[in-house]
2 protein chains.
Amino acid sequence: MAQGGAQIATTTSPFKRDALRMRKVDYIRQVASDLFNRKGFDATSLDEVAEIIGISKPSIYYYYKNKSELLLDCYTRTLDICESLIEEAEAKGGTSLDKLCYFTRELIYLNCAHGSIAIVSELNSVPDASIEGLRKRNTALTENLLSLTKNGVADGSMRSDIGKPTIYFIMGGVNWIPRWHREDGTMSAEDIANSYTEFLLRGVAAPDGN
Amino acid sequence: MAQGGAQIATTTSPFKRDALRMRKVDYIRQVASDLFNRKGFDATSLDEVAEIIGISKPSIYYYYKNKSELLLDCYTRTLDICESLIEEAEAKGGTSLDKLCYFTRELIYLNCAHGSIAIVSELNSVPDASIEGLRKRNTALTENLLSLTKNGVADGSMRSDIGKPTIYFIMGGVNWIPRWHREDGTMSAEDIANSYTEFLLRGVAAPDGN
DNA sequence: AGGCATGTTGACTTTAGGCTAAATTACCTG
DNA sequence: CAGGTAATTTAGCCTAAAGTCAACATGCCT
């Protein structure tokens, strides 16, 4: 991110238009997500977003009705990704513990690659009409993780005392990453993911396990 | 908190002035901390703070030079408390693991009692002159926790592979609490503290234990 | 070339909210 | 009760940033 406007080419060959448009929207969302994560929605101005991208503020309004819709798009994408991560985890099979670890690890990688997803933490700033829907998806996600732990007890991979607070703890640790992580090479995503996953594992894995 | 302005009595007997003033400042800081935690510094207006307290915005300016100074005061208090928590933990003795658990548990209680402390997460919004100082104190705190784990290896209470990422993970989980926790009785501070502490314990305690 | 789509922008309006000045009230003390 | 200080407020200034608009590009398509 933040490598100027060169990203957005102006050449539009007939059938590449849509693809180009999509890439532009992607880029806006990426820069916005990064800033929203680091400074918060209200502290981020669209002028700033535009400047980093190398376009003018009205251009953003060409792609987004208003600032809240941009936030909505960021959050929607995050939820899309999280939901597909869950599906992937399920598809890969293995124990419930494996699935939880997979999900967490992937999420950590995403949070370390700034802008790739926005942490869903300011639902109230999203357009009124969409708040409830997003909240439901978000809750459903937590429920999914929670039911994963239920299954983990059944398949013997996880402890039986993992409840909502523990899930919140884990998500908190993961969601906090963009607040302190800088892509300056001092701490690689792998390091973080490994440390987190090991810690997580010891916390939730069934005792004794081989 | 948030029970209107009744909190601030107007009766001032001669020598109680200072104490009263202090209580008022405390109350402002408390309400502000709560809002800063939940909505962020920029998303919180002083009008809002004033309204919850039941005073007018300029009254806040009687006690604080500006919004940034209010944030600075919130953060300073947080750091004061955290530092004394570390001291308390040291004073109580026990293993390094005990100390880490004590510190974490107390911090969780504070984070569950909304407004009692502000999460130090928007250092850039503090008055320029104070940023560096606060950052140092904050870093020192992390270093303290980190050195606690070093000692924990020595005294045999903790695993040897606990590094910075793990400390960040833990702090993230704790710092995230105000984002989701509501004082509606559905989840008590005890429940949270217990779950967190057990999870933490399994993650950092030396294997085999007593 | 002219026309239409798609983008892009500088310049503008508007508003929320930080901050201030000056007037007003409450309260203590002699 | 008078004078002084502390505390609070009313009214309003001022700036940053959201949002709008009309004019200007760009490039394909006939």
# chains A, B, ... in the order shown; residues from 1 in each chain; ligands from 1
>>> residues_around(residues="range 13-27 of chain D", least_positions_apart="2", cutoff="10 Å", atoms="only C-alpha atoms (C1' of nucleotides)", output="number ranges by chain")
A: 10-14, 44-47, 57-58, 61, 65-67; C: 5-20; D: 11, 29
>>> closest_residue(among="B:Arg105, B:Lys92, B:Arg77, B:Lys39", to="chain A", atoms="only C-alpha atoms")
B:Lys39
>>> closest_atom_pairs(of="chain A", to="chain B", cutoff="9 Å", atoms="only C-alpha atoms", output="Markdown table")
| residue | atom | partner | partner_atom | distance |
| --- | --- | --- | --- | --- |
| A:Arg38 | CA | B:Glu122 | CA | 8.9 |
| A:Lys39 | CA | B:Glu122 | CA | 7.5 |
| A:Gly40 | CA | B:Gly40 | CA | 7.0 |
| A:Phe41 | CA | B:Ala43 | CA | 7.9 |
| A:Asp42 | CA | B:Ala43 | CA | 5.3 |
| A:Ala43 | CA | B:Asp42 | CA | 5.4 |
| A:Ser121 | CA | B:Arg179 | CA | 7.4 |
| A:Glu122 | CA | B:Lys39 | CA | 7.4 |
| A:Asp161 | CA | B:Ser195 | CA | 8.6 |
| A:Ile162 | CA | B:Ser195 | CA | 8.0 |
| A:Gly163 | CA | B:Ser195 | CA | 7.9 |
| A:Lys164 | CA | B:Ser195 | CA | 9.0 |
| A:Pro165 | CA | B:Ile192 | CA | 5.7 |
| A:Thr166 | CA | B:Ser195 | CA | 6.1 |
| A:Tyr168 | CA | B:Gly173 | CA | 7.4 |
| A:Phe169 | CA | B:Gly173 | CA | 4.5 |
| A:Ile170 | CA | B:Gly173 | CA | 6.3 |
| A:Met171 | CA | B:Gly173 | CA | 7.1 |
| A:Gly172 | CA | B:Gly173 | CA | 4.2 |
| A:Gly173 | CA | B:Gly172 | CA | 4.2 |
| A:Val174 | CA | B:Phe169 | CA | 7.1 |
| A:Asn175 | CA | B:Gly172 | CA | 7.5 |
| A:Trp176 | CA | B:Gly172 | CA | 5.0 |
| A:Ile177 | CA | B:Gly172 | CA | 7.4 |
| A:Arg179 | CA | B:Ser121 | CA | 7.4 |
| A:Trp180 | CA | B:Tyr168 | CA | 8.5 |
| A:Met187 | CA | B:Pro165 | CA | 8.5 |
| A:Asp191 | CA | B:Pro165 | CA | 7.8 |
| A:Ile192 | CA | B:Pro165 | CA | 5.7 |
| A:Ala193 | CA | B:Pro165 | CA | 8.8 |
| A:Ser195 | CA | B:Thr166 | CA | 6.1 |
| A:Tyr196 | CA | B:Thr166 | CA | 6.3 |
| A:Glu198 | CA | B:Gly203 | CA | 8.0 |
| A:Phe199 | CA | B:Gly203 | CA | 5.0 |
| A:Leu200 | CA | B:Gly203 | CA | 7.1 |
| A:Leu201 | CA | B:Gly203 | CA | 8.0 |
| A:Arg202 | CA | B:Gly203 | CA | 5.2 |
| A:Gly203 | CA | B:Phe199 | CA | 5.0 |
| A:Val204 | CA | B:Phe199 | CA | 7.6 |
>>> closest_residue(among="A:Glu48, A:Asp34, A:Asp80, A:Glu132", to="chain D", atoms="only C-alpha atoms (C1' of nucleotides)")
A:Glu48
>>> atom_distance(atom1="CA of Ser96 in chain B", atom2="CA of Ser160 in chain A")
27.6 Å
>>> residues_around(residues="DA23 in chain C", least_positions_apart="3", cutoff="12 Å", atoms="only C-alpha atoms (C1' of nucleotides)", output="tab-separated table (two decimals) with C-alpha atoms (C1' of nucleotides), in the first residue's frame")
chain	number	residue	atom	x	y	z
D	8	DT	C1'	-20.58	27.65	35.00
D	9	DT	C1'	-22.97	29.13	31.10
D	10	DT	C1'	-24.74	31.61	26.83
D	11	DA	C1'	-23.54	32.91	22.45
>>> atom_distance(atom1="CA of Ser116 in chain B", atom2="CA of Leu35 in chain B")
11.3 Å
>>> select_by_dssp(residues="range 26-197 of chain A", states="helix (DSSP H, G or I)", output="PyMOL selection string")
chain A and resi 26-39+46-53+57-63+67-92+96-112+123-125+128-154+164-175+177-180+189-197
>>> interface_residues(of="chain B", to="chain D", cutoff="9 Å", atoms="only C-alpha atoms (C1' of nucleotides)", output="ChimeraX atom specification")
/B:55-56,58-59,62
>>> write_last_selection(atoms="N, CA and C atoms", output="short mmCIF file (atom, residue, chain, number, x, y, z; two decimals), in the first residue's frame")
data_model
loop_
_atom_site.label_atom_id
_atom_site.label_comp_id
_atom_site.auth_asym_id
_atom_site.auth_seq_id
_atom_site.Cartn_x
_atom_site.Cartn_y
_atom_site.Cartn_z
N ILE B 55 -23.39 18.79 32.32
CA ILE B 55 -22.85 20.15 32.36
C ILE B 55 -22.73 20.65 30.92
N SER B 56 -22.21 21.84 30.76
CA SER B 56 -22.05 22.36 29.40
C SER B 56 -20.59 22.20 28.96
N PRO B 58 -18.28 24.20 27.74
CA PRO B 58 -17.23 25.09 28.26
C PRO B 58 -16.78 24.73 29.67
N SER B 59 -17.64 24.09 30.44
CA SER B 59 -17.23 23.69 31.78
C SER B 59 -16.04 22.75 31.72
N TYR B 62 -12.99 24.49 31.53
CA TYR B 62 -12.52 25.12 32.76
C TYR B 62 -11.51 24.21 33.45
#
>>> closest_residue(among="A:Asp18, A:Asp98, A:Asp73, A:Asp184", to="chain C", atoms="only C-alpha atoms (C1' of nucleotides)")
A:Asp18
>>> atom_distance(atom1="CA of Phe36 in chain B", atom2="CA of Leu71 in chain B")
8.4 Å
>>> decode(residues="chain C", atoms="C-alpha atoms (C1' of nucleotides)", output="tab-separated table (two decimals), in the first residue's frame")
chain	number	residue	atom	x	y	z
C	1	DA	C1'	-15.05	13.98	-36.90
C	2	DG	C1'	-18.97	13.88	-33.76
C	3	DG	C1'	-21.33	11.61	-30.00
C	4	DC	C1'	-21.87	9.07	-25.99
C	5	DA	C1'	-19.88	6.39	-21.81
C	6	DT	C1'	-16.99	6.63	-18.27
C	7	DG	C1'	-14.09	9.07	-15.24
C	8	DT	C1'	-11.97	13.03	-12.96
C	9	DT	C1'	-11.57	17.35	-10.92
C	10	DG	C1'	-11.40	22.34	-8.89
C	11	DA	C1'	-14.28	25.09	-6.56
C	12	DC	C1'	-18.03	25.46	-3.77
C	13	DT	C1'	-21.57	24.76	0.26
C	14	DT	C1'	-22.57	23.04	4.66
C	15	DT	C1'	-22.08	21.35	9.09
C	16	DA	C1'	-20.24	19.29	13.20
C	17	DG	C1'	-17.52	20.20	16.72
C	18	DG	C1'	-13.30	22.32	18.94
C	19	DC	C1'	-12.50	26.29	21.21
C	20	DT	C1'	-13.09	31.34	23.27
C	21	DA	C1'	-14.92	35.64	25.42
C	22	DA	C1'	-17.67	37.74	28.24
C	23	DA	C1'	-21.46	37.70	31.16
C	24	DT	C1'	-23.62	35.27	35.12
C	25	DT	C1'	-24.13	32.72	39.15
C	26	DA	C1'	-22.61	30.38	43.42
C	27	DC	C1'	-20.07	30.49	47.24
C	28	DC	C1'	-16.62	31.71	50.83
C	29	DT	C1'	-14.64	35.22	53.93
C	30	DG	C1'	-14.09	39.30	56.51
